[in-house]
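To be precise, the following lines are start_30.csv, and they hold CSV, C-alpha atoms.
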chain,number,residue,atom,x,y,z
Q,7,MET,CA,102.9,117.0,115.8
Q,8,SER,CA,103.5,114.1,113.4
Q,9,SER,CA,104.6,115.2,110.0
Q,10,SER,CA,104.5,111.7,108.4
Q,11,ILE,CA,102.1,112.8,105.7
Q,12,ARG,CA,104.4,115.7,104.8
Q,13,ASP,CA,107.4,113.3,104.7
Q,14,THR,CA,105.4,111.0,102.4
Q,15,LEU,CA,104.5,113.9,100.1
Q,16,GLU,CA,108.1,115.2,100.1
Q,17,GLU,CA,109.3,111.7,99.1
Q,18,LYS,CA,106.7,111.5,96.3
Q,19,LEU,CA,107.7,114.9,94.9
Q,20,GLN,CA,111.4,114.0,95.1
Q,21,ARG,CA,110.7,110.7,93.2
Q,22,PHE,CA,108.6,112.6,90.7
Q,23,GLU,CA,111.5,115.1,90.0
Q,24,GLN,CA,114.0,112.2,89.8
Q,25,LEU,CA,111.8,110.5,87.2
Q,26,GLU,CA,111.5,113.8,85.2
Q,27,SER,CA,115.3,113.8,85.2
Q,28,ASP,CA,115.5,110.1,84.2
Q,29,MET,CA,113.1,110.6,81.3
Q,30,ALA,CA,115.4,113.3,79.9
Q,31,ASP,CA,118.4,111.0,80.1
Q,32,PRO,CA,119.4,109.7,76.7
Q,33,ALA,CA,120.4,106.3,78.2
Q,34,VAL,CA,116.8,105.9,79.6
Q,35,GLN,CA,115.3,107.2,76.4
Q,36,GLY,CA,117.2,104.5,74.5
Q,37,ASP,CA,115.8,101.7,76.7
Q,38,SER,CA,112.1,101.3,75.9
Q,39,ALA,CA,111.4,99.1,78.9
Q,40,ARG,CA,113.0,101.6,81.3
Q,41,MET,CA,111.4,104.6,79.6
Q,42,SER,CA,107.9,103.1,79.7
Q,43,ALA,CA,108.3,102.1,83.4
Q,44,ALA,CA,109.5,105.6,84.3
Q,45,ALA,CA,106.7,107.2,82.3
Q,46,ARG,CA,104.1,105.0,84.0
Q,47,GLU,CA,105.4,105.8,87.5
Q,48,HIS,CA,105.7,109.5,86.6
Q,49,GLY,CA,102.1,109.6,85.3
Q,50,GLY,CA,100.9,107.9,88.5
Q,51,LEU,CA,102.6,110.5,90.7
Q,52,ALA,CA,101.9,113.6,88.6
Q,53,LYS,CA,98.6,114.6,90.2
Q,54,VAL,CA,99.8,114.5,93.8
Q,55,ALA,CA,103.3,115.8,93.1
Q,56,ASN,CA,102.0,118.9,91.2
Q,57,LYS,CA,99.5,119.7,93.9
Q,58,TYR,CA,102.1,119.4,96.6
Q,59,ARG,CA,104.5,121.5,94.6
Q,60,GLU,CA,101.8,124.2,94.5
Q,61,PHE,CA,101.2,123.7,98.2
Q,62,LYS,CA,104.9,124.4,99.0
Q,63,LYS,CA,104.9,127.5,96.8
Q,64,LEU,CA,101.9,128.9,98.7
Q,65,THR,CA,103.7,128.2,102.0
Q,66,ASP,CA,106.7,130.1,100.8
Q,67,GLU,CA,104.5,133.0,99.7
Q,68,ILE,CA,102.7,133.1,103.1
Q,69,HIS,CA,106.1,133.3,104.8
Q,70,GLY,CA,107.1,136.1,102.4
Q,71,CYS,CA,104.0,138.1,103.1
Q,72,LYS,CA,104.4,137.6,106.9
Q,73,GLU,CA,107.9,139.0,106.7
Q,74,MET,CA,106.6,141.9,104.6
Q,75,ALA,CA,103.8,142.6,107.1
Q,76,GLU,CA,106.3,142.6,110.0
Q,77,ALA,CA,108.7,144.9,108.2
Q,78,ALA,CA,106.1,147.3,106.9
Q,79,GLU,CA,106.1,150.7,108.6
Q,80,ASP,CA,103.1,151.9,106.7
Q,81,PRO,CA,99.8,150.6,108.3
Q,82,GLU,CA,98.1,150.4,104.9
Q,83,GLU,CA,101.0,148.3,103.5
Q,84,ARG,CA,100.8,146.0,106.5
Q,85,GLU,CA,97.0,145.6,106.1
Q,86,MET,CA,97.4,144.8,102.5
Q,87,ALA,CA,100.1,142.1,103.3
Q,88,GLU,CA,97.9,140.6,106.0
Q,89,GLY,CA,94.9,140.4,103.6
Q,90,GLU,CA,97.1,138.6,101.1
Q,91,ILE,CA,98.1,136.1,103.9
Q,92,GLU,CA,94.4,135.3,104.6
Q,93,SER,CA,93.7,134.7,100.9
Q,94,LEU,CA,96.8,132.5,100.4
Q,95,ARG,CA,95.9,130.5,103.6
Q,96,THR,CA,92.4,129.8,102.3
Q,97,HIS,CA,93.8,128.6,99.0
Q,98,ARG,CA,96.4,126.5,100.8
Q,99,GLU,CA,93.7,124.8,103.0
Q,100,GLU,CA,91.6,123.9,100.0
Q,101,LEU,CA,94.7,122.4,98.4
Q,102,TRP,CA,95.5,120.5,101.6
Q,103,GLU,CA,92.0,118.9,101.5
Q,104,GLU,CA,92.6,117.8,97.9
Q,105,LEU,CA,96.0,116.4,98.9
Q,106,LEU,CA,94.3,114.5,101.8
Q,107,SER,CA,91.8,113.0,99.3
Q,108,LEU,CA,94.7,111.8,97.2
Q,109,THR,CA,96.8,110.3,100.0
Q,110,VAL,CA,94.2,109.0,102.5
Q,111,GLY,CA,94.3,105.2,102.7
Q,112,GLY,CA,98.1,105.0,102.1
Q,113,GLU,CA,100.3,104.3,99.2
Q,114,ASP,CA,98.0,101.9,97.4
Q,115,SER,CA,94.7,103.9,97.7
Q,116,HIS,CA,94.8,104.6,93.9
Q,117,ARG,CA,94.6,100.9,93.0
Q,118,THR,CA,91.7,100.0,90.8
Q,119,ARG,CA,92.0,96.3,91.4
Q,120,CYS,CA,92.1,94.3,94.6
Q,121,VAL,CA,91.8,90.7,95.9
Q,122,MET,CA,89.4,89.9,98.8
Q,123,GLU,CA,89.6,86.7,100.8
Q,124,ILE,CA,86.7,85.8,103.2
Q,125,ARG,CA,87.3,82.9,105.6
Q,126,ALA,CA,84.9,81.3,108.1
Q,127,GLY,CA,86.3,81.4,111.6
Q,128,THR,CA,85.0,79.9,114.8
Q,129,GLY,CA,81.4,78.8,114.8
Q,130,GLY,CA,81.2,75.8,112.4
Q,131,ASP,CA,78.3,75.9,109.8
Q,132,GLU,CA,77.0,79.2,111.2
Q,133,ALA,CA,80.5,80.8,110.6
Q,134,ALA,CA,80.4,79.5,107.0
Q,135,LEU,CA,77.0,81.0,106.4
Q,136,PHE,CA,78.2,84.3,107.8
Q,137,ALA,CA,81.1,84.2,105.4
Q,138,ARG,CA,78.6,83.7,102.6
Q,139,ASP,CA,76.5,86.7,103.9
Q,140,LEU,CA,79.7,88.9,103.9
Q,141,TYR,CA,80.4,87.8,100.3
Q,142,GLU,CA,76.9,88.7,99.2
Q,143,MET,CA,77.1,92.0,101.0
Q,144,TYR,CA,80.3,93.0,99.3
Q,145,ARG,CA,79.1,91.6,95.9
Q,146,ARG,CA,75.9,93.8,96.1
Q,147,TYR,CA,78.0,96.8,97.2
Q,148,ALA,CA,80.3,96.3,94.2
Q,149,GLU,CA,77.3,96.1,91.9
Q,150,HIS,CA,76.0,99.4,93.3
Q,151,ARG,CA,79.5,101.0,92.8
Q,152,ARG,CA,79.7,99.5,89.3
Q,153,TRP,CA,82.8,97.5,90.2
Q,154,LYS,CA,83.5,94.3,88.4
Q,155,THR,CA,83.7,91.2,90.6
Q,156,GLU,CA,85.1,87.7,89.7
Q,157,VAL,CA,85.2,84.7,92.0
Q,158,MET,CA,88.7,83.2,91.9
Q,159,ASP,CA,88.2,80.3,94.3
Q,160,ALA,CA,85.6,79.0,96.7
Q,161,SER,CA,85.1,76.2,99.2
Q,162,PRO,CA,81.4,75.8,99.7
Q,163,THR,CA,79.7,73.8,102.5
Q,164,GLU,CA,76.7,71.5,102.2
Q,165,MET,CA,74.5,74.1,103.9
Q,166,GLY,CA,75.3,76.7,101.3
Q,167,GLY,CA,78.0,78.6,103.2
Q,168,PHE,CA,81.7,79.1,102.4
Q,169,LYS,CA,84.7,77.8,104.4
Q,170,GLU,CA,86.5,80.4,102.3
Q,171,ILE,CA,86.0,82.4,99.1
Q,172,THR,CA,88.5,84.5,97.1
Q,173,LEU,CA,87.3,87.2,94.7
Q,174,THR,CA,88.8,90.0,92.7
Q,175,MET,CA,87.2,93.5,92.4
Q,176,GLU,CA,87.9,96.1,89.8
Q,177,GLY,CA,86.8,99.7,89.6
Q,178,GLU,CA,87.4,103.3,90.7
Q,179,ASN,CA,88.5,103.7,94.3
Q,180,VAL,CA,88.0,100.0,95.0
Q,181,PHE,CA,91.0,99.5,97.2
Q,182,ARG,CA,90.7,102.9,98.9
Q,183,ASP,CA,87.2,102.0,100.0
Q,184,LEU,CA,87.6,98.3,100.8
Q,185,GLN,CA,91.0,98.2,102.5
Q,186,TYR,CA,89.4,99.1,105.9
Q,187,GLU,CA,87.4,95.8,105.7
Q,188,SER,CA,90.5,93.7,106.6
Q,189,GLY,CA,90.2,92.1,110.0
Q,190,GLY,CA,87.9,90.0,112.1
Q,191,HIS,CA,84.2,90.3,111.7
Q,192,ARG,CA,81.9,88.8,114.4
Q,193,VAL,CA,78.2,88.0,114.1
Q,194,GLN,CA,75.6,87.6,116.9
Q,195,ARG,CA,72.3,86.1,115.8
Q,196,VAL,CA,70.0,83.0,116.0
Q,197,PRO,CA,71.4,80.5,113.5
Q,198,GLU,CA,69.1,78.8,111.0
Q,199,THR,CA,70.0,75.5,112.7
Q,200,GLU,CA,69.1,76.7,116.3
Q,201,THR,CA,65.8,75.3,117.5
Q,202,GLN,CA,65.8,76.9,121.0
Q,203,GLY,CA,66.0,80.5,119.6
Q,204,ARG,CA,69.3,81.2,121.3
Q,205,VAL,CA,71.7,83.8,120.0
Q,206,HIS,CA,75.1,82.4,118.9
Q,207,THR,CA,78.3,84.2,118.2
Q,208,SER,CA,80.6,83.2,115.3
Q,209,ALA,CA,83.2,84.9,113.2
Q,210,ALA,CA,84.8,85.3,109.8
Q,211,THR,CA,88.0,87.1,108.7
Q,212,VAL,CA,88.3,89.4,105.7
Q,213,ALA,CA,91.6,90.3,103.9
Q,214,VAL,CA,91.7,92.9,101.3
Q,215,MET,CA,94.9,93.2,99.2
Q,216,PRO,CA,95.8,95.5,96.4
Q,217,GLU,CA,96.4,93.7,93.1
Q,218,PRO,CA,99.7,94.8,91.7
Q,219,GLU,CA,100.6,95.5,88.1
Q,220,ASP,CA,102.5,92.6,86.4
Q,221,VAL,CA,105.7,94.6,86.4
Q,222,GLU,CA,105.6,95.2,90.2
Q,223,VAL,CA,105.8,91.5,91.1
Q,224,GLU,CA,107.9,89.5,88.7
Q,225,LEU,CA,107.2,85.8,88.8
Q,226,LYS,CA,109.2,83.3,86.8
Q,227,ALA,CA,108.0,79.7,86.4
Q,228,ASP,CA,110.8,78.3,88.6
Q,229,ASP,CA,109.8,80.7,91.5
Q,230,TYR,CA,106.8,78.4,92.3
Q,231,ARG,CA,105.7,74.8,92.3
Q,232,VAL,CA,102.5,73.9,90.4
Q,233,ASP,CA,100.3,71.0,91.7
Q,234,LYS,CA,97.3,69.8,89.6
Q,235,PHE,CA,94.4,68.0,91.2
Q,236,GLY,CA,90.7,67.2,90.6
Q,237,ALA,CA,88.3,70.0,91.7
Q,238,SER,CA,85.8,69.0,94.5
Q,239,GLY,CA,82.4,70.4,95.5
Q,240,PRO,CA,80.8,70.7,98.9
Q,241,GLY,CA,81.2,67.6,101.1
Q,242,GLY,CA,84.3,66.5,99.1
Q,243,GLN,CA,82.5,65.0,96.2
Q,244,HIS,CA,84.4,65.5,92.9
Q,245,VAL,CA,82.7,67.8,90.5
Q,246,ASN,CA,85.0,66.8,87.6
Q,247,LYS,CA,87.2,63.9,86.7
Q,248,THR,CA,90.0,65.9,85.1
Q,249,GLU,CA,92.8,67.5,87.1
Q,250,SER,CA,91.7,71.1,86.3
Q,251,ALA,CA,92.3,72.6,89.8
Q,252,ILE,CA,95.6,74.3,90.5
Q,253,ARG,CA,97.7,74.8,93.6
Q,254,LEU,CA,100.7,77.1,93.6
Q,255,THR,CA,103.4,77.2,96.2
Q,256,HIS,CA,105.8,80.1,96.2
Q,257,HIS,CA,109.3,78.9,97.1
Q,258,GLU,CA,110.7,82.0,98.7
Q,259,THR,CA,107.7,83.0,100.9
Q,260,GLY,CA,106.0,79.6,101.3
Q,261,ILE,CA,102.7,81.3,100.2
Q,262,VAL,CA,100.2,78.7,98.9
Q,263,VAL,CA,97.3,79.6,96.6
Q,264,GLN,CA,94.8,77.3,94.9
Q,265,CYS,CA,92.1,77.9,92.3
Q,266,GLN,CA,89.5,75.4,91.1
Q,267,ASP,CA,86.6,77.6,90.0
Q,268,GLU,CA,87.1,77.2,86.3
Q,269,LYS,CA,86.8,74.0,84.3
Q,270,SER,CA,89.9,74.9,82.4
Q,271,GLN,CA,93.3,74.3,83.9
Q,272,HIS,CA,94.8,77.2,82.0
Q,273,LYS,CA,92.2,79.6,83.4
Q,274,ASN,CA,92.7,78.3,86.9
Q,275,LEU,CA,96.4,78.8,86.6
Q,276,ALA,CA,96.0,82.4,85.3
Q,277,LYS,CA,93.6,83.2,88.3
Q,278,ALA,CA,95.9,81.5,90.8
Q,279,LEU,CA,98.9,83.6,89.6
Q,280,ARG,CA,96.9,86.8,90.0
Q,281,VAL,CA,96.1,85.9,93.6
Q,282,LEU,CA,99.7,84.7,94.3
Q,283,LYS,CA,101.1,88.1,93.1
Q,284,ALA,CA,98.6,90.0,95.3
Q,285,ARG,CA,99.7,87.8,98.3
Q,286,ILE,CA,103.4,88.4,97.7
Q,287,TYR,CA,102.8,92.1,97.2
Q,288,GLU,CA,100.7,92.2,100.4
Q,289,GLN,CA,103.5,90.5,102.4
Q,290,LYS,CA,105.9,93.3,101.2
Q,291,ARG,CA,103.4,95.9,102.2
Q,292,GLU,CA,103.0,94.4,105.6
Q,293,GLU,CA,106.8,94.4,106.1
Q,294,GLU,CA,106.9,98.0,105.1
Q,295,ALA,CA,103.9,98.9,107.3
Q,296,ALA,CA,105.7,97.2,110.3
Q,297,LYS,CA,108.6,99.6,109.8
Q,298,GLN,CA,106.3,102.6,109.7
Q,299,ALA,CA,104.0,101.3,112.5
Q,300,GLU,CA,105.0,104.1,114.9
Q,301,GLN,CA,104.2,106.8,112.4
Q,302,ARG,CA,100.7,105.4,111.6
Q,303,LYS,CA,99.8,104.4,115.2
Q,304,GLY,CA,96.7,106.5,115.2
Q,305,LEU,CA,95.4,105.4,111.8
Q,306,ILE,CA,93.0,102.5,111.0
Q,307,GLY,CA,94.2,101.3,107.7
Q,308,SER,CA,96.7,98.7,109.1
Q,309,GLY,CA,94.6,95.8,107.8
Q,310,ASP,CA,95.6,93.4,110.6
Q,311,ARG,CA,93.6,90.3,110.1
Q,312,SER,CA,93.8,89.2,113.7
Q,313,GLN,CA,92.2,92.4,115.0
Q,314,ARG,CA,88.5,92.2,115.7
Q,315,ILE,CA,87.1,95.2,113.9
Q,316,ARG,CA,83.4,94.8,113.7
Q,317,THR,CA,80.3,93.2,115.3
Q,318,TYR,CA,77.1,92.5,113.4
Q,319,ASN,CA,74.2,92.1,116.0
Q,320,PHE,CA,71.1,90.9,114.2
Q,321,PRO,CA,68.6,90.9,117.1
Q,322,GLN,CA,69.3,94.6,117.6
Q,323,ASN,CA,69.8,95.4,113.9
Q,324,ARG,CA,73.1,96.9,115.0
Q,325,LEU,CA,76.5,97.2,113.4
Q,326,THR,CA,79.5,98.4,115.5
Q,327,ASP,CA,82.9,99.2,114.2
Q,328,HIS,CA,85.2,99.0,117.2
Q,329,ARG,CA,88.1,101.0,115.8
Q,330,ILE,CA,86.2,104.3,115.5
Q,331,ASN,CA,83.3,103.6,118.0
Q,332,LEU,CA,80.8,103.7,115.1
Q,333,THR,CA,77.4,102.2,115.8
Q,334,ILE,CA,74.6,102.1,113.1
Q,335,TYR,CA,71.2,100.6,113.7
Q,336,LYS,CA,70.6,99.7,110.0
Q,337,LEU,CA,72.3,96.3,109.8
Q,338,ASP,CA,69.6,94.9,107.5
Q,339,GLN,CA,70.4,97.7,104.9
Q,340,ILE,CA,74.2,97.2,105.3
Q,341,ILE,CA,74.0,93.4,104.9
Q,342,ALA,CA,71.8,94.1,101.8
Q,343,GLY,CA,74.8,95.9,100.3
Q,344,ASP,CA,74.6,99.5,101.5
Q,345,VAL,CA,78.1,99.5,103.0
Q,346,ALA,CA,78.9,103.1,102.1
Q,347,PRO,CA,77.9,104.6,105.5
Q,348,VAL,CA,80.6,102.4,107.1
Q,349,THR,CA,83.3,102.8,104.5
Q,350,ASP,CA,82.7,106.6,104.3
Q,351,ALA,CA,83.0,107.0,108.1
Q,352,LEU,CA,86.3,105.0,108.1
Q,353,ILE,CA,87.8,107.1,105.3
Q,354,GLU,CA,86.7,110.3,107.0
Q,355,TYR,CA,88.3,109.1,110.3
Q,356,ASP,CA,91.6,108.4,108.6
Q,357,ARG,CA,91.4,111.8,106.9
Q,358,ASP,CA,90.8,113.6,110.2
Q,359,GLN,CA,93.9,111.9,111.6
Q,360,LEU,CA,96.0,113.2,108.7
Q,361,ARG,CA,94.4,116.7,108.7
Q,362,GLY,CA,96.4,117.9,111.6
Q,363,ASP,CA,99.7,117.2,109.8
Q,364,MET,CA,99.6,120.5,107.8
Q,365,ILE,CA,102.5,122.6,109.2
Q,366,ASP,CA,102.3,126.4,109.0
Represent the structure of the file as C-alpha cells.
Amino acid sequence: MSSSIRDTLEEKLQRFEQLESDMADPAVQGDSARMSAAAREHGGLAKVANKYREFKKLTDEIHGCKEMAEAAEDPEEREMAEGEIESLRTHREELWEELLSLTVGGEDSHRTRCVMEIRAGTGGDEAALFARDLYEMYRRYAEHRRWKTEVMDASPTEMGGFKEITLTMEGENVFRDLQYESGGHRVQRVPETETQGRVHTSAATVAVMPEPEDVEVELKADDYRVDKFGASGPGGQHVNKTESAIRLTHHETGIVVQCQDEKSQHKNLAKALRVLKARIYEQKREEEAAKQAEQRKGLIGSGDRSQRIRTYNFPQNRLTDHRINLTIYKLDQIIAGDVAPVTDALIEYDRDQLRGDMID
C-alpha cells in the first residue's frame, strides 16, 4: 500500500513545527522579511497540520485502547475498550476525509490564482474555432463560479477563432478544480466551413498553471530580455502604430512570453511578468513531479500537455474523459459552461486513489 499521502502530511507537519520554532527565534523575530515569510507559510499550513496532528493523536489512542482490550481480563472492561475503539475510528475516518479534501490535487490545490493557456492544435481554422469554444466554455464556468477572469494575450484568426489565448483566473478553489484540464482536447464535429456535412477531427491543448506569489519566484530585471514590438490583429494587420506589445525571454530557462492585449506598454509588461512567473514556477513543479512520478502513478493530476485527455463528439452530444473512462451525453450543456460534472468526477477519482492511504 502506498503511503505517499501520509509522507506528504508528515512533511507538512514537520515543516509547520519547524516554522513554529523559527518564529520563536529572536534572530527571525528581528528580521521582518523572514518573520513575515515564516508567518505566511505557517498560516498556509496551519489547517492541514493541525488536523493531521489530531489524526495522529487519534491513531495513538486507538492503539492504546487495543492494547487495553487485549490485556483486559474483565469482559466488561474489554467491551468498554472495544466500544471506545469504534468511536475513535469513526472520528478518525471523518478527519481523514477532511484531510483528503485539503490535500487532493497536490501541493498547489489551495492556490486562488492560475494561468490558463489554450492553443489550437492540428486542424487549421477548425482547431482555432475549437480553441475559442474551449475559452468560452471556461469563461462561462468561471462566471458561474464567481471567479475573476482576465485575458493576458490572444492571437485571433480571421474566422473568429484563436491560434492561442492566455488568461488568468482568480477565486476560491480555482486551481484545484481546473488543474485536471491540462492536456490534449480533441473535437469531432462538422465544421462551419464543411459543405459536404462530413465530421472532422481537430485538437487543442490546454495548460493550467498555478500563479505563484511574488515572493516564490523572484525575478530581477537582468534575469530576462524585454523586446518591444507593434501589436497586430488577425491576419497580421497592425492594430496600433506604437510598440506597446511586449515579449519577455527568460535567460536561464529560455521561456518566452508575450503580451499585446493592452494598449499600454506598462500594462502589457506587468501581465507578461505574471505569466512568465507562472511558467517558471510550473517548470519547477514539473521537475518535482517527475521525481515523484512513481508515487503518483495512479493519479490523474499530472497535467501532461501531450496526453490526450478528452474527446468532444458533437454529433453524439458526448464528452469522454479517457483518464477515468467518464462518458457524459450532455456536451451541449458542458460547452455552454456547465463543466462541474466533469471537474467533480476528476476530483473524486483522485480522492478515491488517495483514500486507501490511511494506515491503521
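Interatomic distance, atom CA of Q:Pro218 against atom CA of Q:His116: 11.2 Å.
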| query | atom CA of Q:Phe320 and atom CA of Q:Tyr141 are how many Å apart? | reply |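 Interatomic distance, atom CA of Q:Phe320 to atom CA of Q:Tyr141: 17.0 Å.
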| request: Pick out the residues sitting within 12 Å of Q:Leu108, and hand them over as a list of chain:residue names; count all atoms listed in the file, and ignore anything fewer than 4 positions along from it in its own chain. | output: Q:Ile11, Q:Thr14, Q:Leu15, Q:Gly50, Q:Leu51, Q:Ala52, Q:Lys53, Q:Val54, Q:Ala55, Q:Asn56, Q:Lys57, Q:Tyr58, Q:Leu101, Q:Trp102, Q:Glu103, Q:Glu104, Q:Gly112, Q:Glu113, Q:Asp114, Q:Ser115, Q:His116, Q:Arg117, Q:Asn179, Q:Arg182, Q:Ile353, Q:Arg357, Q:Leu360
Keeping only C-alpha atoms, write those residues as a tab-separated table (two decimals), keeping the file's coordinate frame.
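Written output follows (again.tsv):
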chain	number	residue	atom	x	y	z
Q	11	ILE	CA	102.10	112.80	105.70
Q	14	THR	CA	105.40	111.00	102.40
Q	15	LEU	CA	104.50	113.90	100.10
Q	50	GLY	CA	100.90	107.90	88.50
Q	51	LEU	CA	102.60	110.50	90.70
Q	52	ALA	CA	101.90	113.60	88.60
Q	53	LYS	CA	98.60	114.60	90.20
Q	54	VAL	CA	99.80	114.50	93.80
Q	55	ALA	CA	103.30	115.80	93.10
Q	56	ASN	CA	102.00	118.90	91.20
Q	57	LYS	CA	99.50	119.70	93.90
Q	58	TYR	CA	102.10	119.40	96.60
Q	101	LEU	CA	94.70	122.40	98.40
Q	102	TRP	CA	95.50	120.50	101.60
Q	103	GLU	CA	92.00	118.90	101.50
Q	104	GLU	CA	92.60	117.80	97.90
Q	112	GLY	CA	98.10	105.00	102.10
Q	113	GLU	CA	100.30	104.30	99.20
Q	114	ASP	CA	98.00	101.90	97.40
Q	115	SER	CA	94.70	103.90	97.70
Q	116	HIS	CA	94.80	104.60	93.90
Q	117	ARG	CA	94.60	100.90	93.00
Q	179	ASN	CA	88.50	103.70	94.30
Q	182	ARG	CA	90.70	102.90	98.90
Q	353	ILE	CA	87.80	107.10	105.30
Q	357	ARG	CA	91.40	111.80	106.90
Q	360	LEU	CA	96.00	113.20	108.70
| said: Here is a test: counting all atoms listed in the file, which residue of Q:Arg151, Q:Arg146, Q:Arg125, Q:His272 is nearest to Q:Ala209? | reply: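 Counting all atoms listed in the file, the residue closest to Q:Ala209 is Q:Arg125.
Using all atoms listed in the file, the residues found no farther than 9 Å from Q:Tyr147, other than those of its own chain fewer than 5 positions away, are Glu142, Arg152, Trp153, Ile340, Ala342, Gly343, Asp344, Val345 and Ala346 of chain Q.
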| query | Using all atoms listed in the file, which of Q:Ser93, Q:Asn319, Q:Gln313, Q:Ser38 sits nearest Q:Ser188? | reply |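 Ranked by minimum distance to Q:Ser188, first place goes to Q:Gln313.
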| task | Pick out the closest residue to Q:Ser107 from this set: Q:Glu90, Q:Leu332, Q:Arg361, Q:Glu85. Count all atoms listed in the file. | result | Q:Arg361
| task | Go through Q:Glu132, Q:Asp159, Q:Glu123, Q:Glu219 one by one, measure the shortest atom-to-atom distance of each to Q:Arg46 using only C-alpha atoms, and give the residue with the smallest value. | result |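 The closest residue to Q:Arg46 is Q:Glu219.
Nearest to Q:Leu94 of all the residues Q:Glu156, Q:Glu187, Q:Glu47, Q:Glu67 is Q:Glu67, counting all atoms listed in the file.
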